[in-house]
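A.B. asks: To be precise about what I am sending: the file is called target15.cif and holds mmCIF, C-alpha atoms.
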data_entry
#
loop_
_atom_site.group_PDB
_atom_site.id
_atom_site.type_symbol
_atom_site.label_atom_id
_atom_site.label_comp_id
_atom_site.auth_asym_id
_atom_site.auth_seq_id
_atom_site.Cartn_x
_atom_site.Cartn_y
_atom_site.Cartn_z
ATOM 1 C CA MET A 57 56.985 -91.689 -73.451
ATOM 2 C CA PHE A 58 59.553 -93.123 -75.845
ATOM 3 C CA VAL A 59 63.043 -91.665 -75.432
ATOM 4 C CA ASP A 60 65.723 -92.699 -77.943
ATOM 5 C CA GLU A 61 68.316 -89.917 -77.496
ATOM 6 C CA LEU A 62 69.762 -88.577 -74.271
ATOM 7 C CA ASP A 63 72.773 -86.724 -72.877
ATOM 8 C CA ILE A 64 74.252 -87.683 -69.528
ATOM 9 C CA VAL A 65 77.429 -87.052 -67.528
ATOM 10 C CA VAL A 66 79.237 -89.910 -65.782
ATOM 11 C CA THR A 67 81.820 -89.275 -63.077
ATOM 12 C CA ALA A 68 83.919 -91.994 -61.508
ATOM 13 C CA GLY A 69 84.840 -91.749 -57.839
ATOM 14 C CA ALA A 70 88.097 -90.168 -56.730
ATOM 15 C CA GLY A 71 90.684 -92.323 -55.030
ATOM 16 C CA GLY A 72 91.006 -92.083 -51.259
ATOM 17 C CA ASP A 73 93.909 -90.191 -49.708
ATOM 18 C CA GLY A 74 96.904 -92.037 -48.312
ATOM 19 C CA CYS A 75 97.421 -91.943 -44.548
ATOM 20 C CA VAL A 76 100.302 -90.683 -42.407
ATOM 21 C CA ALA A 77 100.561 -92.886 -39.302
ATOM 22 C CA PHE A 78 103.248 -94.527 -37.128
ATOM 23 C CA ARG A 79 103.551 -97.688 -35.133
ATOM 24 C CA HIS A 80 104.730 -97.646 -31.539
ATOM 25 C CA GLU A 81 107.298 -100.446 -31.393
ATOM 26 C CA LYS A 82 110.610 -100.638 -29.575
ATOM 27 C CA TYR A 83 113.765 -99.995 -31.639
ATOM 28 C CA ILE A 84 111.724 -98.597 -34.608
ATOM 29 C CA PRO A 85 112.355 -94.866 -35.202
ATOM 30 C CA HIS A 86 109.285 -92.792 -34.354
ATOM 31 C CA GLY A 87 107.359 -96.022 -34.142
ATOM 32 C CA GLY A 88 107.819 -96.756 -37.847
ATOM 33 C CA PRO A 89 105.584 -95.593 -40.708
ATOM 34 C CA ALA A 90 102.249 -97.426 -40.849
ATOM 35 C CA GLY A 91 99.991 -95.325 -43.067
ATOM 36 C CA GLY A 92 97.885 -97.337 -45.507
ATOM 37 C CA ASP A 93 97.001 -96.477 -49.106
ATOM 38 C CA GLY A 94 93.711 -94.922 -50.099
ATOM 39 C CA GLY A 95 91.187 -97.098 -51.940
ATOM 40 C CA ARG A 96 90.514 -96.797 -55.673
ATOM 41 C CA GLY A 97 87.415 -94.836 -56.584
ATOM 42 C CA GLY A 98 84.360 -96.581 -57.989
ATOM 43 C CA SER A 99 83.970 -96.801 -61.772
ATOM 44 C CA VAL A 100 80.915 -96.141 -63.932
ATOM 45 C CA TYR A 101 79.843 -98.972 -66.236
ATOM 46 C CA MET A 102 77.189 -99.163 -68.911
ATOM 47 C CA GLN A 103 75.368 -102.431 -69.560
ATOM 48 C CA ALA A 104 72.862 -103.532 -72.197
ATOM 49 C CA ASP A 105 69.643 -104.782 -70.583
ATOM 50 C CA GLU A 106 67.268 -106.855 -72.708
ATOM 51 C CA SER A 107 64.288 -105.882 -70.514
ATOM 52 C CA LEU A 108 64.530 -102.250 -71.675
ATOM 53 C CA ASN A 109 63.423 -100.809 -75.022
ATOM 54 C CA THR A 110 63.665 -97.068 -74.302
ATOM 55 C CA LEU A 111 65.990 -94.617 -72.556
ATOM 56 C CA GLN A 112 63.051 -93.115 -70.685
ATOM 57 C CA HIS A 113 64.219 -94.428 -67.292
ATOM 58 C CA LEU A 114 67.327 -92.241 -67.594
ATOM 59 C CA ALA A 115 65.381 -89.046 -68.297
ATOM 60 C CA GLY A 116 65.745 -86.580 -65.424
ATOM 61 C CA HIS A 117 68.857 -88.331 -64.095
ATOM 62 C CA TYR A 118 71.547 -86.330 -65.845
ATOM 63 C CA HIS A 119 74.566 -86.936 -63.595
ATOM 64 C CA TRP A 120 75.749 -90.405 -62.604
ATOM 65 C CA LYS A 121 78.500 -90.455 -59.988
ATOM 66 C CA ALA A 122 80.314 -93.388 -58.372
ATOM 67 C CA ASP A 123 81.605 -93.457 -54.780
ATOM 68 C CA ARG A 124 85.084 -92.233 -53.917
ATOM 69 C CA GLY A 125 87.598 -94.636 -52.401
ATOM 70 C CA GLY A 126 88.052 -94.897 -48.664
ATOM 71 C CA GLN A 127 90.865 -93.085 -46.847
ATOM 72 C CA GLY A 128 93.979 -95.026 -45.880
ATOM 73 C CA GLN A 129 94.307 -95.777 -42.160
ATOM 74 C CA GLY A 130 96.943 -96.609 -39.572
ATOM 75 C CA LYS A 131 98.447 -100.051 -39.071
ATOM 76 C CA ASP A 132 98.933 -100.242 -42.865
ATOM 77 C CA CYS A 133 95.205 -100.596 -43.429
ATOM 78 C CA HIS A 134 94.211 -99.651 -46.958
ATOM 79 C CA GLY A 135 91.003 -97.768 -47.704
ATOM 80 C CA ARG A 136 88.053 -99.623 -49.203
ATOM 81 C CA LYS A 137 87.382 -99.485 -52.938
ATOM 82 C CA GLY A 138 84.574 -97.136 -53.952
ATOM 83 C CA LYS A 139 81.322 -98.763 -55.059
ATOM 84 C CA ASP A 140 80.888 -99.033 -58.831
ATOM 85 C CA ILE A 141 77.644 -98.018 -60.472
ATOM 86 C CA VAL A 142 76.054 -99.556 -63.556
ATOM 87 C CA VAL A 143 73.917 -97.519 -65.945
ATOM 88 C CA ARG A 144 71.520 -99.911 -67.681
ATOM 89 C CA VAL A 145 70.461 -99.140 -71.250
ATOM 90 C CA PRO A 146 68.536 -101.040 -73.941
ATOM 91 C CA ALA A 147 70.445 -103.322 -76.261
ATOM 92 C CA GLY A 148 71.099 -101.309 -79.397
ATOM 93 C CA THR A 149 72.329 -98.193 -77.598
ATOM 94 C CA ILE A 150 75.209 -96.341 -79.236
ATOM 95 C CA VAL A 151 77.382 -94.468 -76.733
ATOM 96 C CA ARG A 152 79.192 -91.412 -78.097
ATOM 97 C CA ASP A 153 81.606 -88.972 -76.509
ATOM 98 C CA GLY A 154 79.405 -85.947 -75.945
ATOM 99 C CA GLU A 155 82.138 -83.471 -76.860
ATOM 100 C CA LEU A 156 83.990 -85.222 -79.679
ATOM 101 C CA GLY A 157 81.055 -87.118 -81.167
ATOM 102 C CA VAL A 158 83.086 -90.306 -81.629
ATOM 103 C CA VAL A 159 81.474 -93.678 -80.942
ATOM 104 C CA LEU A 160 82.822 -95.184 -77.732
ATOM 105 C CA LYS A 161 80.719 -98.350 -77.770
ATOM 106 C CA ASP A 162 77.805 -99.905 -79.606
ATOM 107 C CA LEU A 163 75.995 -102.074 -77.058
ATOM 108 C CA THR A 164 74.198 -104.571 -79.276
ATOM 109 C CA THR A 165 74.408 -107.725 -77.148
ATOM 110 C CA PRO A 166 72.191 -108.119 -74.045
ATOM 111 C CA GLY A 167 74.367 -108.310 -70.937
ATOM 112 C CA GLU A 168 77.325 -106.608 -72.628
ATOM 113 C CA LYS A 169 79.099 -104.306 -70.171
ATOM 114 C CA VAL A 170 81.746 -101.638 -70.647
ATOM 115 C CA CYS A 171 83.558 -99.165 -68.390
ATOM 116 C CA MET A 172 82.712 -95.572 -69.305
ATOM 117 C CA ALA A 173 84.650 -93.795 -66.527
ATOM 118 C CA GLU A 174 87.415 -95.367 -64.450
ATOM 119 C CA GLY A 175 87.797 -94.649 -60.766
ATOM 120 C CA GLY A 176 90.799 -92.667 -59.578
ATOM 121 C CA ARG A 177 93.801 -94.437 -58.038
ATOM 122 C CA GLY A 178 94.116 -94.221 -54.263
ATOM 123 C CA GLY A 179 96.990 -92.180 -52.820
ATOM 124 C CA ARG A 180 99.957 -93.953 -51.243
ATOM 125 C CA GLY A 181 100.338 -93.912 -47.458
ATOM 126 C CA ASN A 182 103.549 -92.866 -45.740
ATOM 127 C CA SER A 183 104.770 -96.432 -45.304
ATOM 128 C CA ARG A 184 105.322 -96.445 -49.086
ATOM 129 C CA PHE A 185 107.871 -93.635 -48.801
ATOM 130 C CA ALA A 186 110.196 -95.224 -46.221
ATOM 131 C CA THR A 187 113.836 -95.485 -47.339
ATOM 132 C CA ALA A 188 117.163 -96.216 -45.682
ATOM 133 C CA THR A 189 117.740 -92.493 -45.230
ATOM 134 C CA ASN A 190 114.144 -91.538 -44.495
ATOM 135 C CA GLN A 191 112.842 -94.106 -42.046
ATOM 136 C CA ALA A 192 110.016 -91.968 -40.709
ATOM 137 C CA PRO A 193 108.436 -90.232 -43.702
ATOM 138 C CA ARG A 194 105.606 -87.815 -43.008
ATOM 139 C CA GLU A 195 104.292 -87.607 -46.526
ATOM 140 C CA ALA A 196 101.356 -89.278 -48.222
ATOM 141 C CA GLU A 197 99.620 -88.809 -51.543
ATOM 142 C CA PRO A 198 96.106 -87.526 -52.174
ATOM 143 C CA GLY A 199 93.834 -89.749 -54.204
ATOM 144 C CA GLU A 200 93.563 -89.141 -57.948
ATOM 145 C CA PRO A 201 90.296 -87.787 -59.342
ATOM 146 C CA GLY A 202 87.995 -90.170 -61.229
ATOM 147 C CA GLN A 203 87.325 -89.805 -64.929
ATOM 148 C CA GLU A 204 84.414 -87.646 -66.013
ATOM 149 C CA ARG A 205 82.731 -87.889 -69.395
ATOM 150 C CA LYS A 206 79.845 -86.289 -71.179
ATOM 151 C CA LEU A 207 78.020 -88.980 -73.117
ATOM 152 C CA HIS A 208 75.413 -88.892 -75.857
ATOM 153 C CA LEU A 209 73.217 -91.992 -75.959
ATOM 154 C CA GLU A 210 71.386 -92.953 -79.132
ATOM 155 C CA LEU A 211 69.091 -95.954 -79.286
ATOM 156 C CA LYS A 212 68.597 -97.975 -82.447
ATOM 157 C CA LEU A 213 66.055 -100.697 -81.767
ATOM 158 C CA ILE A 214 67.115 -104.222 -82.625
ATOM 159 C CA ALA A 215 64.421 -106.122 -84.529
ATOM 160 C CA ASP A 216 64.459 -108.874 -87.116
ATOM 161 C CA ALA A 217 61.913 -107.186 -89.373
ATOM 162 C CA GLY A 218 60.963 -103.521 -89.649
ATOM 163 C CA LEU A 219 57.547 -102.338 -90.822
ATOM 164 C CA VAL A 220 57.751 -99.278 -93.059
ATOM 165 C CA GLY A 221 55.145 -97.455 -95.103
ATOM 166 C CA LYS A 222 53.082 -94.323 -95.354
ATOM 167 C CA PRO A 223 50.776 -93.218 -92.519
ATOM 168 C CA ASN A 224 47.604 -95.308 -92.217
ATOM 169 C CA ALA A 225 49.001 -98.158 -94.297
ATOM 170 C CA GLY A 226 47.926 -100.532 -91.517
ATOM 171 C CA LYS A 227 51.276 -101.246 -89.851
ATOM 172 C CA SER A 228 49.977 -100.813 -86.301
ATOM 173 C CA THR A 229 46.965 -103.011 -86.991
ATOM 174 C CA LEU A 230 49.223 -105.734 -88.341
ATOM 175 C CA ILE A 231 51.687 -105.745 -85.439
ATOM 176 C CA SER A 232 48.851 -105.694 -82.901
ATOM 177 C CA ARG A 233 47.348 -108.743 -84.630
ATOM 178 C CA LEU A 234 50.651 -110.638 -84.847
ATOM 179 C CA SER A 235 52.002 -109.918 -81.361
ATOM 180 C CA ALA A 236 51.122 -108.705 -77.889
ATOM 181 C CA ALA A 237 52.105 -105.126 -78.802
ATOM 182 C CA HIS A 238 49.309 -102.563 -78.494
ATOM 183 C CA PRO A 239 50.107 -99.468 -80.536
ATOM 184 C CA LYS A 240 47.512 -96.720 -80.912
ATOM 185 C CA ILE A 241 45.271 -97.321 -83.924
ATOM 186 C CA ALA A 242 42.955 -94.754 -85.524
ATOM 187 C CA ALA A 243 41.802 -93.571 -88.946
ATOM 188 C CA TYR A 244 44.003 -90.489 -89.207
ATOM 189 C CA PRO A 245 47.649 -89.928 -90.195
ATOM 190 C CA PHE A 246 50.556 -90.255 -87.739
ATOM 191 C CA THR A 247 48.644 -92.354 -85.218
ATOM 192 C CA THR A 248 51.915 -94.083 -84.323
ATOM 193 C CA ARG A 249 54.362 -91.535 -82.949
ATOM 194 C CA THR A 250 56.854 -93.898 -81.365
ATOM 195 C CA PRO A 251 58.464 -97.128 -82.598
ATOM 196 C CA CYS A 252 56.840 -100.261 -81.229
ATOM 197 C CA LEU A 253 58.394 -103.716 -80.817
ATOM 198 C CA GLY A 254 56.419 -106.938 -80.907
ATOM 199 C CA ILE A 255 57.394 -110.621 -80.715
ATOM 200 C CA VAL A 256 55.676 -112.703 -83.372
ATOM 201 C CA GLU A 257 55.094 -116.283 -82.205
ATOM 202 C CA MET A 258 54.734 -118.974 -84.861
ATOM 203 C CA THR A 259 54.175 -122.716 -84.893
ATOM 204 C CA ARG A 260 56.997 -125.169 -84.133
ATOM 205 C CA HIS A 261 58.493 -122.800 -81.513
ATOM 206 C CA ARG A 262 59.493 -120.214 -84.107
ATOM 207 C CA ARG A 263 59.535 -116.493 -83.354
ATOM 208 C CA PHE A 264 60.885 -113.203 -84.600
ATOM 209 C CA VAL A 265 60.866 -109.590 -83.444
ATOM 210 C CA MET A 266 59.077 -106.973 -85.515
ATOM 211 C CA ALA A 267 59.304 -103.185 -85.184
ATOM 212 C CA ASP A 268 56.501 -100.846 -86.222
ATOM 213 C CA ILE A 269 58.084 -97.580 -87.397
ATOM 214 C CA PRO A 270 55.961 -94.380 -87.475
ATOM 215 C CA GLY A 271 54.605 -93.555 -90.935
ATOM 216 C CA LEU A 272 56.879 -91.907 -93.469
ATOM 217 C CA ILE A 273 55.982 -89.282 -96.045
ATOM 218 C CA GLU A 274 57.855 -87.597 -98.854
ATOM 219 C CA GLY A 275 60.677 -85.497 -97.420
ATOM 220 C CA ALA A 276 60.967 -87.554 -94.214
ATOM 221 C CA HIS A 277 64.737 -87.933 -94.704
ATOM 222 C CA SER A 278 65.079 -84.146 -94.302
ATOM 223 C CA GLY A 279 62.630 -83.705 -91.412
ATOM 224 C CA THR A 280 59.210 -83.428 -93.056
ATOM 225 C CA GLY A 281 56.269 -84.897 -91.128
ATOM 226 C CA LEU A 282 57.586 -86.908 -88.219
ATOM 227 C CA GLY A 283 60.966 -86.514 -89.908
ATOM 228 C CA ASP A 284 63.885 -88.917 -89.956
ATOM 229 C CA GLU A 285 64.164 -89.361 -86.182
ATOM 230 C CA PHE A 286 62.730 -92.883 -86.379
ATOM 231 C CA LEU A 287 64.441 -94.117 -89.549
ATOM 232 C CA ARG A 288 67.469 -95.097 -87.457
ATOM 233 C CA HIS A 289 65.357 -97.847 -85.898
ATOM 234 C CA VAL A 290 65.145 -99.833 -89.132
ATOM 235 C CA GLU A 291 68.887 -99.616 -89.800
ATOM 236 C CA ARG A 292 69.580 -102.678 -87.626
ATOM 237 C CA THR A 293 66.781 -104.831 -89.014
ATOM 238 C CA LYS A 294 67.587 -107.764 -91.286
ATOM 239 C CA LEU A 295 64.454 -107.317 -93.375
ATOM 240 C CA LEU A 296 62.067 -104.526 -94.409
ATOM 241 C CA VAL A 297 58.344 -105.274 -94.564
ATOM 242 C CA HIS A 298 56.965 -102.522 -96.796
ATOM 243 C CA MET A 299 53.221 -102.093 -96.269
ATOM 244 C CA ILE A 300 51.131 -100.389 -98.935
ATOM 245 C CA ASP A 301 47.517 -99.245 -98.672
ATOM 246 C CA ILE A 302 46.105 -100.897 -101.778
ATOM 247 C CA CYS A 303 43.100 -98.518 -101.787
ATOM 248 C CA PRO A 304 44.466 -95.161 -100.567
ATOM 249 C CA PRO A 305 42.014 -92.252 -100.248
ATOM 250 C CA THR A 306 44.310 -90.120 -102.401
ATOM 251 C CA GLY A 307 47.182 -90.934 -104.741
ATOM 252 C CA ASP A 308 47.943 -94.454 -105.929
ATOM 253 C CA PRO A 309 49.726 -97.483 -104.395
ATOM 254 C CA ALA A 310 52.593 -97.491 -106.900
ATOM 255 C CA GLU A 311 53.427 -93.853 -106.194
ATOM 256 C CA ASP A 312 53.254 -94.485 -102.429
ATOM 257 C CA TYR A 313 55.730 -97.328 -102.871
ATOM 258 C CA ARG A 314 58.077 -95.139 -104.917
ATOM 259 C CA VAL A 315 57.984 -92.328 -102.350
ATOM 260 C CA ILE A 316 58.941 -94.551 -99.429
ATOM 261 C CA ARG A 317 61.670 -96.329 -101.389
ATOM 262 C CA ASN A 318 63.117 -92.936 -102.311
ATOM 263 C CA GLU A 319 63.074 -91.767 -98.691
ATOM 264 C CA LEU A 320 64.884 -94.912 -97.540
ATOM 265 C CA ALA A 321 67.560 -94.492 -100.204
ATOM 266 C CA ARG A 322 68.094 -90.810 -99.450
ATOM 267 C CA TYR A 323 68.411 -91.490 -95.735
ATOM 268 C CA SER A 324 70.801 -94.435 -96.157
ATOM 269 C CA PRO A 325 71.742 -96.335 -99.336
ATOM 270 C CA ALA A 326 72.582 -99.358 -97.168
ATOM 271 C CA LEU A 327 69.077 -99.254 -95.697
ATOM 272 C CA ALA A 328 67.498 -99.209 -99.147
ATOM 273 C CA GLU A 329 69.499 -102.304 -100.121
ATOM 274 C CA LYS A 330 68.093 -104.459 -97.333
ATOM 275 C CA PRO A 331 65.901 -107.415 -98.352
ATOM 276 C CA GLU A 332 62.271 -106.401 -98.684
ATOM 277 C CA ILE A 333 58.846 -108.007 -98.602
ATOM 278 C CA ILE A 334 56.126 -105.896 -100.206
ATOM 279 C CA VAL A 335 52.714 -106.198 -98.580
ATOM 280 C CA ALA A 336 49.460 -104.959 -100.085
ATOM 281 C CA ASN A 337 47.081 -104.302 -97.191
ATOM 282 C CA LYS A 338 43.294 -103.690 -97.010
ATOM 283 C CA MET A 339 42.423 -106.457 -99.457
ATOM 284 C CA ASP A 340 38.997 -106.615 -97.803
ATOM 285 C CA LEU A 341 37.967 -103.409 -99.603
ATOM 286 C CA SER A 342 36.133 -103.302 -102.916
ATOM 287 C CA GLU A 343 38.278 -102.820 -106.030
ATOM 288 C CA SER A 344 41.329 -104.078 -104.085
ATOM 289 C CA GLU A 345 41.936 -106.939 -106.531
ATOM 290 C CA GLU A 346 41.983 -104.543 -109.481
ATOM 291 C CA HIS A 347 44.389 -102.200 -107.683
ATOM 292 C CA LEU A 348 46.614 -105.133 -106.729
ATOM 293 C CA ALA A 349 46.881 -106.255 -110.364
ATOM 294 C CA ASP A 350 47.820 -102.715 -111.410
ATOM 295 C CA LEU A 351 50.460 -102.488 -108.667
ATOM 296 C CA ARG A 352 52.064 -105.793 -109.613
ATOM 297 C CA GLU A 353 52.238 -104.744 -113.249
ATOM 298 C CA THR A 354 53.650 -101.288 -112.430
ATOM 299 C CA ILE A 355 56.450 -102.246 -110.007
ATOM 300 C CA GLY A 356 57.113 -105.729 -111.387
ATOM 301 C CA LYS A 357 57.771 -107.332 -108.000
ATOM 302 C CA ASP A 358 56.252 -110.077 -105.844
ATOM 303 C CA ILE A 359 53.572 -108.804 -103.481
ATOM 304 C CA VAL A 360 51.939 -110.510 -100.503
ATOM 305 C CA ALA A 361 48.259 -109.573 -100.307
ATOM 306 C CA ILE A 362 46.662 -109.344 -96.853
ATOM 307 C CA SER A 363 43.939 -107.751 -94.812
ATOM 308 C CA ALA A 364 45.270 -106.814 -91.376
ATOM 309 C CA VAL A 365 41.663 -106.307 -90.223
ATOM 310 C CA THR A 366 40.201 -109.680 -91.280
ATOM 311 C CA GLY A 367 43.408 -111.714 -91.071
ATOM 312 C CA LYS A 368 43.357 -112.716 -94.728
ATOM 313 C CA GLY A 369 46.859 -113.640 -95.953
ATOM 314 C CA ILE A 370 48.562 -113.075 -92.600
ATOM 315 C CA PRO A 371 49.735 -116.710 -92.150
ATOM 316 C CA GLN A 372 51.307 -116.570 -95.618
ATOM 317 C CA LEU A 373 52.984 -113.273 -94.717
ATOM 318 C CA THR A 374 54.535 -114.556 -91.473
ATOM 319 C CA GLU A 375 55.863 -117.625 -93.286
ATOM 320 C CA ALA A 376 57.367 -115.407 -95.995
ATOM 321 C CA ILE A 377 59.022 -113.223 -93.342
ATOM 322 C CA TRP A 378 60.391 -116.276 -91.541
ATOM 323 C CA ARG A 379 61.858 -117.764 -94.727
ATOM 324 C CA ALA A 380 63.484 -114.446 -95.634
ATOM 325 C CA LEU A 381 64.999 -114.110 -92.164
ATOM 326 C CA GLN A 382 66.480 -117.603 -92.379
ATOM 327 C CA ARG A 383 68.181 -116.643 -95.625
ATOM 328 C CA GLU A 384 69.738 -113.615 -93.905
ATOM 329 C CA ASP A 385 71.142 -115.582 -90.906
#
Show me this structure written as structure tokens.
C.D. replies:
Amino acid sequence: MFVDELDIVVTAGAGGDGCVAFRHEKYIPHGGPAGGDGGRGGSVYMQADESLNTLQHLAGHYHWKADRGGQGQGKDCHGRKGKDIVVRVPAGTIVRDGELGVVLKDLTTPGEKVCMAEGGRGGRGNSRFATATNQAPREAEPGEPGQERKLHLELKLIADAGLVGKPNAGKSTLISRLSAAHPKIAAYPFTTRTPCLGIVEMTRHRRFVMADIPGLIEGAHSGTGLGDEFLRHVERTKLLVHMIDICPPTGDPAEDYRVIRNELARYSPALAEKPEIIVANKMDLSESEEHLADLRETIGKDIVAISAVTGKGIPQLTEAIWRALQRED
């Protein structure tokens, strides 16, 4: 199961209470105050973990709570600090205040860590209240409560290149051939229902990360088909790889290209302006060369011709993607 949106509540630990205690020493009134302070409560942190690519591990764990601080003790012994907890999320997770909707942090860098709820301060023990006129105070403070926040987590996968196109354009076949990713592949629409990341290894120790985004259809930006829930995952990519079925069962390749370009622009103008490599797939089919010539003439752009099934043109495609990515760095 792929989970890319989630609501959780984080609660930091309360501070420990201060202590009222006295020493038993000669010439010190009532033995002298000796109550220690309470310990600070544990805080809740969120950290980007490069080994994760979904929020699924957080599903079913709605409330995250850190330990409270230890109570102050006699002999001026302070309470222990409460244990912090760290909520690990995939790099690319946007953390929003669940009530206000404002972005608190965009965790894009693996290992990046931020405090989401700070532990409460420990209460002062009675030794803190001693004065010249009150040498044996019997008061101490309770610990302060820890912060509590409702958070909305939204994951936007981080990939160098994002595969977009209509259902059954061959995106899953391509990424399974280029990387160790194993998306579901079948001859019917919407086979891919979750984004899939794959690392493409090239010669001379070169590599890039590619994301396979579930197929888009007309109206996707407003919720048609699988809707726009996965378009967010190509917003962070440097490059769009637009795959076109050069021999679609219905319609024509040029119209398919226009539809997807329109959906990208209506979802996000910035997304539509990203660099793009156009790929004509299924060049192993009859009449593919004729359709390719028509497509090039109609859209007037460079097109990389491949067959994801036979492997034809794939080395040229990976080199083109690599060169484009270097231009964007």
A.B. asks: With 12 Å as the threshold, what does the neighbourhood of (80.8, -88.7, -80.5) contain in terms of residues, counting all atoms listed in the file? Coordinates are those of the file; answer as a list in words.
C.D. replies: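 Residues found, by chain and rising number: Asp63, Ile150, Val151, Arg152, Asp153, Gly154, Glu155, Leu156, Gly157, Val158, Val159, Leu160, Lys161, Asp162, Arg205, Lys206, Leu207, His208, Leu209 and Glu210 of chain A.
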A.B. asks: Suppose we keep C-alpha atoms; can you now write the selection as a tab-separated table (two decimals), keeping the file's coordinate frame?
C.D. replies:
chain	number	residue	atom	x	y	z
A	63	ASP	CA	72.77	-86.72	-72.88
A	150	ILE	CA	75.21	-96.34	-79.24
A	151	VAL	CA	77.38	-94.47	-76.73
A	152	ARG	CA	79.19	-91.41	-78.10
A	153	ASP	CA	81.61	-88.97	-76.51
A	154	GLY	CA	79.40	-85.95	-75.94
A	155	GLU	CA	82.14	-83.47	-76.86
A	156	LEU	CA	83.99	-85.22	-79.68
A	157	GLY	CA	81.06	-87.12	-81.17
A	158	VAL	CA	83.09	-90.31	-81.63
A	159	VAL	CA	81.47	-93.68	-80.94
A	160	LEU	CA	82.82	-95.18	-77.73
A	161	LYS	CA	80.72	-98.35	-77.77
A	162	ASP	CA	77.81	-99.90	-79.61
A	205	ARG	CA	82.73	-87.89	-69.40
A	206	LYS	CA	79.84	-86.29	-71.18
A	207	LEU	CA	78.02	-88.98	-73.12
A	208	HIS	CA	75.41	-88.89	-75.86
A	209	LEU	CA	73.22	-91.99	-75.96
A	210	GLU	CA	71.39	-92.95	-79.13
A.B. asks: For the structure provided, state which residues fall under the PyMOL selection byres ((chain A and resi 284-298) around 6), and present them as a VMD selection string.
C.D. replies: chain A and resid 212 to 221 276 to 277 279 283 299 327 331 to 335
A.B. asks: Which residues are near Arg124 in chain A? Cut-off 8 Å, only C-alpha atoms, ignore same chain within fewer than 5 positions. Put them as a PDB file with C-alpha atoms, keeping the file's coordinate frame.
C.D. replies:
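And here is the file that came out, around_30.pdb:
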ATOM      1  CA  ALA A  68      83.919 -91.994 -61.508  1.00  0.00           C
ATOM      2  CA  GLY A  69      84.840 -91.749 -57.839  1.00  0.00           C
ATOM      3  CA  ALA A  70      88.097 -90.168 -56.730  1.00  0.00           C
ATOM      4  CA  GLY A  71      90.684 -92.323 -55.030  1.00  0.00           C
ATOM      5  CA  GLY A  72      91.006 -92.083 -51.259  1.00  0.00           C
ATOM      6  CA  ARG A  96      90.514 -96.797 -55.673  1.00  0.00           C
ATOM      7  CA  GLY A  97      87.415 -94.836 -56.584  1.00  0.00           C
ATOM      8  CA  GLY A  98      84.360 -96.581 -57.989  1.00  0.00           C
ATOM      9  CA  LYS A 137      87.382 -99.485 -52.938  1.00  0.00           C
ATOM     10  CA  GLY A 138      84.574 -97.136 -53.952  1.00  0.00           C
ATOM     11  CA  LYS A 139      81.322 -98.763 -55.059  1.00  0.00           C
ATOM     12  CA  GLY A 175      87.797 -94.649 -60.766  1.00  0.00           C
TER      13      GLY A 175
END
A.B. asks: Rounded to one decimal, what separation in Å do you get between CA of Arg263 in chain A and CA of Val145 in chain A?
C.D. replies: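 Separation of CA of Arg263 in chain A and CA of Val145 in chain A: 23.8 Å.
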A.B. asks: Find the residue from A:Val365, A:Ala380, A:Ala267, A:Pro251 that sits nearest to Val59 in chain A; use all atoms listed in the file when measuring.
C.D. replies: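 Of A:Val365, A:Ala380, A:Ala267, A:Pro251, the one nearest Val59 in chain A, counting all atoms listed in the file, is A:Pro251.
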A.B. asks: Can you tell me how far CA of Gly128 in chain A sits from CA of Ala188 in chain A, in Å to one decimal?
C.D. replies: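 Straight-line distance from CA of Gly128 in chain A to CA of Ala188 in chain A works out to 23.2 Å.
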